[in-house]
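Chemist: Structure file work.txt, compact mmCIF, N, CA and C atoms, is pasted below:
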# COMPACT_ATOMS: atom_id res chain seq x y z
N MET A 111 108.49 75.02 88.99
CA MET A 111 109.59 75.33 88.10
C MET A 111 110.71 75.97 88.92
N GLU A 112 111.88 75.42 88.87
CA GLU A 112 113.02 75.87 89.67
C GLU A 112 113.48 77.27 89.29
N ASN A 113 113.23 77.68 88.05
CA ASN A 113 113.69 78.97 87.55
C ASN A 113 112.83 80.13 88.05
N VAL A 114 111.70 79.82 88.68
CA VAL A 114 110.78 80.83 89.22
C VAL A 114 110.44 80.46 90.65
N GLN A 115 110.54 81.41 91.56
CA GLN A 115 110.20 81.13 92.96
C GLN A 115 109.46 82.32 93.55
N ILE A 116 108.33 82.05 94.18
CA ILE A 116 107.56 83.07 94.89
C ILE A 116 107.57 82.68 96.36
N PHE A 117 107.98 83.61 97.22
CA PHE A 117 108.05 83.30 98.65
C PHE A 117 107.49 84.45 99.46
N GLU A 118 106.92 84.12 100.61
CA GLU A 118 106.42 85.16 101.50
C GLU A 118 107.59 85.78 102.26
N ILE A 119 107.66 87.10 102.23
CA ILE A 119 108.68 87.83 102.98
C ILE A 119 108.18 87.94 104.42
N LYS A 120 108.94 87.37 105.34
CA LYS A 120 108.52 87.33 106.74
C LYS A 120 109.30 88.31 107.62
N GLN A 121 110.51 88.67 107.20
CA GLN A 121 111.33 89.62 107.95
C GLN A 121 112.11 90.48 106.97
N TYR A 122 112.51 91.65 107.45
CA TYR A 122 113.38 92.49 106.64
C TYR A 122 114.36 93.22 107.54
N MET A 123 115.48 93.61 106.95
CA MET A 123 116.50 94.36 107.66
C MET A 123 116.94 95.50 106.75
N VAL A 124 117.01 96.71 107.30
CA VAL A 124 117.41 97.90 106.55
C VAL A 124 118.89 98.16 106.80
N ILE A 125 119.63 98.41 105.72
CA ILE A 125 121.06 98.67 105.80
C ILE A 125 121.34 99.95 105.01
N PHE A 126 122.01 100.90 105.63
CA PHE A 126 122.45 102.10 104.92
C PHE A 126 123.96 102.01 104.72
N ARG A 127 124.43 102.43 103.56
CA ARG A 127 125.85 102.44 103.24
C ARG A 127 126.25 103.86 102.86
N GLN A 128 127.52 104.19 103.10
CA GLN A 128 128.04 105.49 102.66
C GLN A 128 128.10 105.52 101.13
N ALA A 129 128.79 104.56 100.56
CA ALA A 129 128.90 104.45 99.10
C ALA A 129 129.72 103.21 98.77
N GLU A 130 129.23 102.04 99.21
CA GLU A 130 129.92 100.78 98.94
C GLU A 130 129.90 100.47 97.45
N GLN A 131 131.04 100.10 96.91
CA GLN A 131 131.12 99.71 95.51
C GLN A 131 131.22 98.19 95.43
N ARG A 132 130.33 97.58 94.64
CA ARG A 132 130.31 96.13 94.51
C ARG A 132 129.96 95.75 93.07
N LEU A 133 130.56 94.68 92.59
CA LEU A 133 130.27 94.18 91.24
C LEU A 133 129.12 93.19 91.29
N PHE A 134 128.15 93.37 90.39
CA PHE A 134 127.06 92.44 90.16
C PHE A 134 127.03 92.18 88.66
N ASN A 135 127.32 90.96 88.24
CA ASN A 135 127.33 90.63 86.80
C ASN A 135 128.11 91.65 85.98
N ASP A 136 129.33 91.93 86.39
CA ASP A 136 130.24 92.84 85.68
C ASP A 136 129.78 94.30 85.66
N THR A 137 128.81 94.66 86.48
CA THR A 137 128.38 96.05 86.60
C THR A 137 128.74 96.54 87.99
N GLU A 138 129.50 97.64 88.06
CA GLU A 138 129.85 98.20 89.35
C GLU A 138 128.69 99.05 89.86
N VAL A 139 128.20 98.69 91.04
CA VAL A 139 127.08 99.38 91.65
C VAL A 139 127.58 100.15 92.87
N ILE A 140 127.16 101.39 93.00
CA ILE A 140 127.46 102.19 94.18
C ILE A 140 126.24 102.09 95.09
N ILE A 141 126.39 101.30 96.15
CA ILE A 141 125.28 100.99 97.05
C ILE A 141 125.18 102.07 98.12
N ARG A 142 123.99 102.65 98.23
CA ARG A 142 123.71 103.64 99.28
C ARG A 142 122.83 103.03 100.37
N GLY A 143 122.06 102.00 100.02
CA GLY A 143 121.19 101.34 100.98
C GLY A 143 120.79 99.98 100.47
N MET A 144 120.30 99.15 101.39
CA MET A 144 119.86 97.81 101.02
C MET A 144 118.77 97.38 102.00
N VAL A 145 117.79 96.66 101.49
CA VAL A 145 116.79 96.04 102.35
C VAL A 145 116.86 94.54 102.09
N ARG A 146 117.22 93.79 103.12
CA ARG A 146 117.33 92.33 103.02
C ARG A 146 115.98 91.75 103.42
N CYS A 147 115.32 91.12 102.46
CA CYS A 147 114.00 90.53 102.67
C CYS A 147 114.15 89.01 102.76
N THR A 148 113.67 88.41 103.86
CA THR A 148 113.86 86.97 104.04
C THR A 148 112.54 86.26 104.27
N GLY A 149 112.49 85.05 103.75
CA GLY A 149 111.37 84.14 103.99
C GLY A 149 111.90 82.91 104.69
N ASP A 150 111.17 81.81 104.61
CA ASP A 150 111.60 80.59 105.27
C ASP A 150 112.84 79.99 104.61
N GLU A 151 112.86 79.98 103.29
CA GLU A 151 113.96 79.33 102.56
C GLU A 151 114.66 80.26 101.57
N TYR A 152 113.97 81.30 101.12
CA TYR A 152 114.48 82.20 100.09
C TYR A 152 114.68 83.60 100.64
N SER A 153 115.53 84.36 99.98
CA SER A 153 115.74 85.76 100.37
C SER A 153 116.02 86.61 99.14
N MET A 154 115.85 87.91 99.32
CA MET A 154 116.12 88.86 98.25
C MET A 154 116.72 90.12 98.86
N ASP A 155 117.83 90.57 98.31
CA ASP A 155 118.38 91.87 98.69
C ASP A 155 117.90 92.88 97.66
N VAL A 156 117.20 93.90 98.13
CA VAL A 156 116.80 95.00 97.26
C VAL A 156 117.86 96.08 97.49
N VAL A 157 118.67 96.29 96.46
CA VAL A 157 119.83 97.18 96.53
C VAL A 157 119.42 98.55 95.99
N PHE A 158 119.65 99.58 96.78
CA PHE A 158 119.32 100.95 96.39
C PHE A 158 120.62 101.66 96.04
N TYR A 159 120.72 102.08 94.80
CA TYR A 159 121.97 102.64 94.27
C TYR A 159 121.90 104.16 94.20
N GLY A 160 123.08 104.78 94.25
CA GLY A 160 123.20 106.22 94.15
C GLY A 160 122.97 106.72 92.73
N ASN A 161 122.71 108.03 92.59
CA ASN A 161 122.44 108.64 91.29
C ASN A 161 123.57 108.43 90.29
N GLU A 162 124.80 108.35 90.79
CA GLU A 162 125.97 108.24 89.92
C GLU A 162 126.27 106.80 89.51
N SER A 163 125.45 105.85 89.94
CA SER A 163 125.73 104.43 89.74
C SER A 163 125.06 103.86 88.51
N ASP A 164 125.74 102.90 87.90
CA ASP A 164 125.09 102.03 86.94
C ASP A 164 124.35 100.95 87.73
N TYR A 165 123.49 100.20 87.07
CA TYR A 165 122.81 99.11 87.77
C TYR A 165 122.57 97.96 86.80
N PRO A 166 122.69 96.74 87.30
CA PRO A 166 122.48 95.56 86.45
C PRO A 166 121.01 95.13 86.44
N ASP A 167 120.71 94.14 85.62
CA ASP A 167 119.40 93.50 85.66
C ASP A 167 119.28 92.73 86.97
N PRO A 168 118.06 92.45 87.41
CA PRO A 168 117.89 91.63 88.61
C PRO A 168 118.58 90.27 88.45
N ILE A 169 118.92 89.68 89.58
CA ILE A 169 119.66 88.42 89.59
C ILE A 169 118.91 87.41 90.46
N TYR A 170 118.84 86.16 90.00
CA TYR A 170 118.31 85.07 90.81
C TYR A 170 119.38 83.99 90.87
N ASP A 171 119.98 83.81 92.03
CA ASP A 171 120.99 82.78 92.28
C ASP A 171 120.25 81.55 92.77
N ILE A 172 119.89 80.66 91.84
CA ILE A 172 119.05 79.50 92.15
C ILE A 172 119.70 78.61 93.20
N GLU A 173 120.99 78.36 93.06
CA GLU A 173 121.70 77.45 93.97
C GLU A 173 121.65 77.92 95.42
N ASN A 174 121.75 79.24 95.62
CA ASN A 174 121.77 79.79 96.98
C ASN A 174 120.42 80.34 97.45
N HIS A 175 119.37 80.14 96.63
CA HIS A 175 118.01 80.57 96.98
C HIS A 175 117.95 82.06 97.31
N LYS A 176 118.65 82.88 96.52
CA LYS A 176 118.78 84.30 96.80
C LYS A 176 118.60 85.13 95.53
N GLY A 177 117.94 86.24 95.66
CA GLY A 177 117.77 87.15 94.55
C GLY A 177 118.25 88.54 94.88
N TYR A 178 118.46 89.33 93.83
CA TYR A 178 118.88 90.73 93.96
C TYR A 178 118.04 91.56 93.00
N MET A 179 117.52 92.67 93.51
CA MET A 179 116.78 93.62 92.70
C MET A 179 117.40 94.99 92.95
N PHE A 180 117.42 95.85 91.95
CA PHE A 180 118.14 97.13 92.03
C PHE A 180 117.17 98.28 91.77
N MET A 181 117.19 99.27 92.69
CA MET A 181 116.30 100.41 92.59
C MET A 181 117.06 101.68 92.98
N PRO A 182 116.62 102.85 92.49
CA PRO A 182 117.29 104.10 92.88
C PRO A 182 117.06 104.41 94.36
N MET A 183 118.03 105.05 94.98
CA MET A 183 117.96 105.39 96.40
C MET A 183 116.69 106.18 96.73
N SER A 184 116.20 106.97 95.81
CA SER A 184 115.01 107.78 96.06
C SER A 184 113.77 106.92 96.35
N ASP A 185 113.79 105.63 96.01
CA ASP A 185 112.66 104.73 96.25
C ASP A 185 112.75 103.97 97.58
N MET A 186 113.84 104.12 98.32
CA MET A 186 114.06 103.27 99.49
C MET A 186 113.00 103.46 100.58
N MET A 187 112.67 104.69 100.92
CA MET A 187 111.72 104.91 102.02
C MET A 187 110.31 104.45 101.64
N ILE A 188 109.94 104.60 100.38
CA ILE A 188 108.63 104.10 99.93
C ILE A 188 108.59 102.58 100.07
N PHE A 189 109.68 101.93 99.69
CA PHE A 189 109.77 100.47 99.78
C PHE A 189 109.64 100.02 101.24
N ILE A 190 110.37 100.67 102.14
CA ILE A 190 110.31 100.32 103.56
C ILE A 190 108.90 100.55 104.11
N ASP A 191 108.24 101.61 103.68
CA ASP A 191 106.88 101.90 104.12
C ASP A 191 105.93 100.76 103.73
N ILE A 192 106.07 100.24 102.53
CA ILE A 192 105.24 99.11 102.10
C ILE A 192 105.48 97.90 103.01
N LEU A 193 106.75 97.60 103.29
CA LEU A 193 107.07 96.46 104.16
C LEU A 193 106.47 96.63 105.56
N ARG A 194 106.46 97.85 106.06
CA ARG A 194 105.95 98.11 107.41
C ARG A 194 104.43 98.04 107.49
N ASN A 195 103.75 98.38 106.41
CA ASN A 195 102.31 98.57 106.48
C ASN A 195 101.45 97.55 105.75
N GLU A 196 102.05 96.65 105.03
CA GLU A 196 101.26 95.67 104.27
C GLU A 196 101.61 94.26 104.71
N LYS A 197 100.63 93.36 104.58
CA LYS A 197 100.85 91.96 104.88
C LYS A 197 99.75 91.16 104.22
N PRO A 198 100.03 90.11 103.55
CA PRO A 198 101.34 89.53 103.28
C PRO A 198 102.05 90.23 102.12
N ILE A 199 103.36 90.04 102.07
CA ILE A 199 104.20 90.57 100.99
C ILE A 199 105.01 89.41 100.43
N TYR A 200 105.17 89.39 99.11
CA TYR A 200 105.84 88.28 98.43
C TYR A 200 107.02 88.76 97.60
N GLY A 201 108.06 87.96 97.61
CA GLY A 201 109.20 88.15 96.71
C GLY A 201 109.03 87.22 95.53
N HIS A 202 109.28 87.73 94.34
CA HIS A 202 109.18 86.95 93.10
C HIS A 202 110.56 86.91 92.46
N LEU A 203 111.18 85.75 92.50
CA LEU A 203 112.50 85.56 91.89
C LEU A 203 112.29 84.93 90.52
N ARG A 204 112.84 85.55 89.48
CA ARG A 204 112.55 85.13 88.11
C ARG A 204 113.84 84.92 87.33
N GLY A 205 114.27 83.68 87.26
CA GLY A 205 115.42 83.33 86.43
C GLY A 205 115.07 83.33 84.95
N ASP A 206 113.81 83.02 84.64
CA ASP A 206 113.37 82.97 83.24
C ASP A 206 113.17 84.37 82.65
N ARG A 207 112.71 85.30 83.46
CA ARG A 207 112.46 86.69 83.05
C ARG A 207 112.95 87.62 84.15
N PRO A 208 114.26 87.85 84.25
CA PRO A 208 114.79 88.66 85.36
C PRO A 208 114.11 90.01 85.52
N GLU A 209 113.66 90.60 84.41
CA GLU A 209 113.03 91.92 84.50
C GLU A 209 111.69 91.87 85.25
N TRP A 210 111.15 90.68 85.49
CA TRP A 210 109.91 90.52 86.25
C TRP A 210 110.17 90.24 87.73
N THR A 211 111.42 90.22 88.16
CA THR A 211 111.74 90.08 89.58
C THR A 211 111.04 91.22 90.31
N SER A 212 110.35 90.90 91.43
CA SER A 212 109.54 91.94 92.06
C SER A 212 109.22 91.60 93.51
N VAL A 213 108.65 92.58 94.19
CA VAL A 213 108.08 92.44 95.51
C VAL A 213 106.65 92.94 95.39
N THR A 214 105.69 92.14 95.87
CA THR A 214 104.28 92.49 95.70
C THR A 214 103.50 92.30 96.99
N THR A 215 102.38 93.00 97.09
CA THR A 215 101.40 92.74 98.14
C THR A 215 100.39 91.76 97.57
N SER A 216 99.45 91.34 98.40
CA SER A 216 98.32 90.57 97.89
C SER A 216 97.27 91.56 97.39
N GLN A 217 96.23 91.05 96.75
CA GLN A 217 95.16 91.94 96.28
C GLN A 217 94.37 92.46 97.48
N GLU A 218 94.00 93.73 97.41
CA GLU A 218 93.21 94.35 98.46
C GLU A 218 92.03 95.07 97.84
N PRO A 219 90.93 95.19 98.59
CA PRO A 219 89.79 95.92 98.06
C PRO A 219 90.12 97.41 97.91
N VAL A 220 89.54 98.04 96.91
CA VAL A 220 89.72 99.48 96.70
C VAL A 220 89.13 100.21 97.90
N GLY A 221 89.83 101.26 98.37
CA GLY A 221 89.32 102.10 99.44
C GLY A 221 89.44 101.50 100.83
N GLU A 222 90.21 100.41 100.96
CA GLU A 222 90.34 99.77 102.27
C GLU A 222 90.97 100.70 103.30
N GLY A 223 91.92 101.52 102.89
CA GLY A 223 92.59 102.43 103.81
C GLY A 223 93.46 101.68 104.80
N GLU A 224 94.07 102.44 105.69
CA GLU A 224 94.93 101.83 106.71
C GLU A 224 94.05 101.27 107.83
N ARG A 225 94.46 100.15 108.36
CA ARG A 225 93.73 99.54 109.48
C ARG A 225 94.13 100.26 110.77
N ASP A 226 93.15 100.52 111.62
CA ASP A 226 93.40 101.14 112.92
C ASP A 226 93.77 100.03 113.90
N SER A 227 95.00 100.05 114.37
CA SER A 227 95.47 98.99 115.28
C SER A 227 94.76 99.05 116.63
N ASN A 228 94.09 100.15 116.94
CA ASN A 228 93.39 100.28 118.21
C ASN A 228 91.90 99.98 118.08
N ALA A 229 91.46 99.59 116.89
CA ALA A 229 90.04 99.34 116.67
C ALA A 229 89.55 98.22 117.58
N GLY A 230 88.40 98.37 118.14
CA GLY A 230 87.80 97.34 118.97
C GLY A 230 88.24 97.36 120.42
N GLU A 231 89.04 98.35 120.79
CA GLU A 231 89.50 98.40 122.20
C GLU A 231 88.51 99.19 123.02
Can you turn what I pasted into structure tokens?
Modeler:
Amino acid sequence: MENVQIFEIKQYMVIFRQAEQRLFNDTEVIIRGMVRCTGDEYSMDVVFYGNESDYPDPIYDIENHKGYMFMPMSDMMIFIDILRNEKPIYGHLRGDRPEWTSVTTSQEPVGEGERDSNAGE
């Protein structure tokens, strides 16, 4: 279904802004940070807005294979931590239900904990 796309996020880029103002669907957003998540064909900008900002519903631009999700600036470091420590991670672009636009990990066993990168050396 073209209105829904799930893609593996393979790279990300962190962007901090002083207080960029940009319109998204007639809503002015004050951007303090952004994480650009890219896959092979699709991408999603997770926009982190300041406390004083309004925010729109998530956006899926089907023609350009790009989505936008909006979160408060206080969530940015938690989001980056997930990207750094989990794999695989997926972007869910939802034109049919924009409120379900999301970034997810795969299922993991309970109590798995962090993997030791030096294990077995």
Chemist: What lies within 8 Å of Glu130 in chain A using all atoms listed in the file, ignoring chain neighbours under 2 positions off, as a list in words?
Modeler: Phe126, Arg127, Gln128, Arg132, Leu133, Glu138, Val139, Ile140, Ile141, Arg142 and Gly143 of chain A
Chemist: Name the residues, using the chain letters and numbers of the file, that sit within 7 Å of (112.0, 86.0, 108.9) when counting all atoms listed in the file, and give them as a ChimeraX atom specification.
Modeler: /A:119-122,148-150
Chemist: Please identify which residues in chain A DSSP calls strand (DSSP E) from the backbone, and express them as a short mmCIF file (atom, residue, chain, number, x, y, z; two decimals) with N, CA and C atoms, in the coordinates of the input.
Modeler:
data_model
loop_
_atom_site.label_atom_id
_atom_site.label_comp_id
_atom_site.auth_asym_id
_atom_site.auth_seq_id
_atom_site.Cartn_x
_atom_site.Cartn_y
_atom_site.Cartn_z
N VAL A 114 111.70 79.82 88.68
CA VAL A 114 110.78 80.83 89.22
C VAL A 114 110.44 80.46 90.65
N GLN A 115 110.54 81.41 91.56
CA GLN A 115 110.20 81.13 92.96
C GLN A 115 109.46 82.32 93.55
N ILE A 116 108.33 82.05 94.18
CA ILE A 116 107.56 83.07 94.89
C ILE A 116 107.57 82.68 96.36
N PHE A 117 107.98 83.61 97.22
CA PHE A 117 108.05 83.30 98.65
C PHE A 117 107.49 84.45 99.46
N GLU A 118 106.92 84.12 100.61
CA GLU A 118 106.42 85.16 101.50
C GLU A 118 107.59 85.78 102.26
N GLN A 121 110.51 88.67 107.20
CA GLN A 121 111.33 89.62 107.95
C GLN A 121 112.11 90.48 106.97
N TYR A 122 112.51 91.65 107.45
CA TYR A 122 113.38 92.49 106.64
C TYR A 122 114.36 93.22 107.54
N MET A 123 115.48 93.61 106.95
CA MET A 123 116.50 94.36 107.66
C MET A 123 116.94 95.50 106.75
N VAL A 124 117.01 96.71 107.30
CA VAL A 124 117.41 97.90 106.55
C VAL A 124 118.89 98.16 106.80
N ILE A 125 119.63 98.41 105.72
CA ILE A 125 121.06 98.67 105.80
C ILE A 125 121.34 99.95 105.01
N PHE A 126 122.01 100.90 105.63
CA PHE A 126 122.45 102.10 104.92
C PHE A 126 123.96 102.01 104.72
N ARG A 127 124.43 102.43 103.56
CA ARG A 127 125.85 102.44 103.24
C ARG A 127 126.25 103.86 102.86
N GLN A 128 127.52 104.19 103.10
CA GLN A 128 128.04 105.49 102.66
C GLN A 128 128.10 105.52 101.13
N ALA A 129 128.79 104.56 100.56
CA ALA A 129 128.90 104.45 99.10
C ALA A 129 129.72 103.21 98.77
N GLU A 130 129.23 102.04 99.21
CA GLU A 130 129.92 100.78 98.94
C GLU A 130 129.90 100.47 97.45
N GLN A 131 131.04 100.10 96.91
CA GLN A 131 131.12 99.71 95.51
C GLN A 131 131.22 98.19 95.43
N ARG A 132 130.33 97.58 94.64
CA ARG A 132 130.31 96.13 94.51
C ARG A 132 129.96 95.75 93.07
N LEU A 133 130.56 94.68 92.59
CA LEU A 133 130.27 94.18 91.24
C LEU A 133 129.12 93.19 91.29
N PHE A 134 128.15 93.37 90.39
CA PHE A 134 127.06 92.44 90.16
C PHE A 134 127.03 92.18 88.66
N THR A 137 128.81 94.66 86.48
CA THR A 137 128.38 96.05 86.60
C THR A 137 128.74 96.54 87.99
N GLU A 138 129.50 97.64 88.06
CA GLU A 138 129.85 98.20 89.35
C GLU A 138 128.69 99.05 89.86
N VAL A 139 128.20 98.69 91.04
CA VAL A 139 127.08 99.38 91.65
C VAL A 139 127.58 100.15 92.87
N ILE A 140 127.16 101.39 93.00
CA ILE A 140 127.46 102.19 94.18
C ILE A 140 126.24 102.09 95.09
N ILE A 141 126.39 101.30 96.15
CA ILE A 141 125.28 100.99 97.05
C ILE A 141 125.18 102.07 98.12
N ARG A 142 123.99 102.65 98.23
CA ARG A 142 123.71 103.64 99.28
C ARG A 142 122.83 103.03 100.37
N GLY A 143 122.06 102.00 100.02
CA GLY A 143 121.19 101.34 100.98
C GLY A 143 120.79 99.98 100.47
N MET A 144 120.30 99.15 101.39
CA MET A 144 119.86 97.81 101.02
C MET A 144 118.77 97.38 102.00
N VAL A 145 117.79 96.66 101.49
CA VAL A 145 116.79 96.04 102.35
C VAL A 145 116.86 94.54 102.09
N ARG A 146 117.22 93.79 103.12
CA ARG A 146 117.33 92.33 103.02
C ARG A 146 115.98 91.75 103.42
N CYS A 147 115.32 91.12 102.46
CA CYS A 147 114.00 90.53 102.67
C CYS A 147 114.15 89.01 102.76
N THR A 148 113.67 88.41 103.86
CA THR A 148 113.86 86.97 104.04
C THR A 148 112.54 86.26 104.27
N SER A 153 115.53 84.36 99.98
CA SER A 153 115.74 85.76 100.37
C SER A 153 116.02 86.61 99.14
N MET A 154 115.85 87.91 99.32
CA MET A 154 116.12 88.86 98.25
C MET A 154 116.72 90.12 98.86
N ASP A 155 117.83 90.57 98.31
CA ASP A 155 118.38 91.87 98.69
C ASP A 155 117.90 92.88 97.66
N VAL A 156 117.20 93.90 98.13
CA VAL A 156 116.80 95.00 97.26
C VAL A 156 117.86 96.08 97.49
N VAL A 157 118.67 96.29 96.46
CA VAL A 157 119.83 97.18 96.53
C VAL A 157 119.42 98.55 95.99
N PHE A 158 119.65 99.58 96.78
CA PHE A 158 119.32 100.95 96.39
C PHE A 158 120.62 101.66 96.04
N TYR A 159 120.72 102.08 94.80
CA TYR A 159 121.97 102.64 94.27
C TYR A 159 121.90 104.16 94.20
N ILE A 169 118.92 89.68 89.58
CA ILE A 169 119.66 88.42 89.59
C ILE A 169 118.91 87.41 90.46
N TYR A 170 118.84 86.16 90.00
CA TYR A 170 118.31 85.07 90.81
C TYR A 170 119.38 83.99 90.87
N ASP A 171 119.98 83.81 92.03
CA ASP A 171 120.99 82.78 92.28
C ASP A 171 120.25 81.55 92.77
N LYS A 176 118.65 82.88 96.52
CA LYS A 176 118.78 84.30 96.80
C LYS A 176 118.60 85.13 95.53
N GLY A 177 117.94 86.24 95.66
CA GLY A 177 117.77 87.15 94.55
C GLY A 177 118.25 88.54 94.88
N TYR A 178 118.46 89.33 93.83
CA TYR A 178 118.88 90.73 93.96
C TYR A 178 118.04 91.56 93.00
N MET A 179 117.52 92.67 93.51
CA MET A 179 116.78 93.62 92.70
C MET A 179 117.40 94.99 92.95
N PHE A 180 117.42 95.85 91.95
CA PHE A 180 118.14 97.13 92.03
C PHE A 180 117.17 98.28 91.77
N MET A 181 117.19 99.27 92.69
CA MET A 181 116.30 100.41 92.59
C MET A 181 117.06 101.68 92.98
N PRO A 182 116.62 102.85 92.49
CA PRO A 182 117.29 104.10 92.88
C PRO A 182 117.06 104.41 94.36
N ILE A 199 103.36 90.04 102.07
CA ILE A 199 104.20 90.57 100.99
C ILE A 199 105.01 89.41 100.43
N TYR A 200 105.17 89.39 99.11
CA TYR A 200 105.84 88.28 98.43
C TYR A 200 107.02 88.76 97.60
N GLY A 201 108.06 87.96 97.61
CA GLY A 201 109.20 88.15 96.71
C GLY A 201 109.03 87.22 95.53
N HIS A 202 109.28 87.73 94.34
CA HIS A 202 109.18 86.95 93.10
C HIS A 202 110.56 86.91 92.46
N LEU A 203 111.18 85.75 92.50
CA LEU A 203 112.50 85.56 91.89
C LEU A 203 112.29 84.93 90.52
N ARG A 204 112.84 85.55 89.48
CA ARG A 204 112.55 85.13 88.11
C ARG A 204 113.84 84.92 87.33
N SER A 212 110.35 90.90 91.43
CA SER A 212 109.54 91.94 92.06
C SER A 212 109.22 91.60 93.51
N VAL A 213 108.65 92.58 94.19
CA VAL A 213 108.08 92.44 95.51
C VAL A 213 106.65 92.94 95.39
N THR A 214 105.69 92.14 95.87
CA THR A 214 104.28 92.49 95.70
C THR A 214 103.50 92.30 96.99
N THR A 215 102.38 93.00 97.09
CA THR A 215 101.40 92.74 98.14
C THR A 215 100.39 91.76 97.57
#
Chemist: Leaving out Ser212 in chain A and any residue of its chain fewer than 4 positions from it, which residues lie within 7 Å of it when counting only N, CA and C atoms, given as a ChimeraX atom specification?
Modeler: /A:200-204
Chemist: Hey, can I get the axis-aligned box for range 177-196 of chain A? All listed atoms, 4 Å padding on each side, centre and edge lengths in Å to one decimal, as lines of an AutoDock Vina configuration file.
Modeler:
center_x = 110.1
center_y = 97.0
center_z = 99.6
size_x = 25.6
size_y = 29.5
size_z = 23.7
Chemist: Report, in Å with one decimal, the straight-line distance from CA of Phe158 in chain A to CA of Ile199 in chain A.
Modeler: 18.9 Å
Chemist: From a DSSP pass on the backbone, collect the residues of range 149-229 of chain A flagged as helix (DSSP H, G or I) and hand them back as a PyMOL selection string.
Modeler: chain A and resi 183-195+208-210
Chemist: Nearest residue to Gln217 in chain A out of A:Pro198, A:Glu118, A:Val157, A:Glu173, using only N, CA and C atoms?
Modeler: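 So, comparing all the options, the nearest one is A:Pro198.
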Chemist: Measuring atom to atom with all atoms listed in the file, identify which of A:Tyr152, A:Lys197, A:Gly205, A:Val145 is nearest to Glu112 in chain A.
Modeler: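 Looking only at the distances to Glu112 in chain A, the closest residue turns out to be A:Gly205.
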Chemist: Using only C-alpha atoms, which residue out of A:Met144, A:Arg207, A:His175, A:Asp185 lies closest to Asn161 in chain A?
Modeler: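 Among the listed residues, the smallest separation from Asn161 in chain A belongs to A:Asp185.
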Chemist: Have a look at A:Gly221, A:Asn195, A:Glu209, A:Ile172 and name the one nearest to Asn113 in chain A; count only N, CA and C atoms.
Modeler: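 Selected residue with least distance to Asn113 in chain A: A:Ile172.
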Chemist: What is the distance between atom N of Phe134 in chain A and atom C of Thr214 in chain A, in Å to one decimal?
Modeler: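 Separation between atom N of Phe134 in chain A and atom C of Thr214 in chain A: 25.5 Å.
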Chemist: Pick out the residues sitting within 12 Å of Asn174 in chain A, and hand them over as a ChimeraX atom specification; count only C-alpha atoms, and ignore anything fewer than 2 positions along from it in its own chain.
Modeler: /A:151-154,169-172,176-178
Chemist: What gap, in Å, lies between CA of Val156 in chain A and CA of Asp206 in chain A?
Modeler: 18.8 Å
Chemist: Rank A:Arg146, A:Asp164, A:Met179, A:Thr137 by their smallest atom-to-atom distance to Ile125 in chain A, using all atoms listed in the file, and report the top residue only.
Modeler: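 Closest to Ile125 in chain A, using all atoms listed in the file: A:Arg146.
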Chemist: From the options A:Cys147, A:Gln115, A:Glu162, A:Ala129, which residue's atoms come nearest to Thr211 in chain A, counting only C-alpha atoms?
Modeler: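 For Thr211 in chain A, the nearest of the given residues is A:Gln115.
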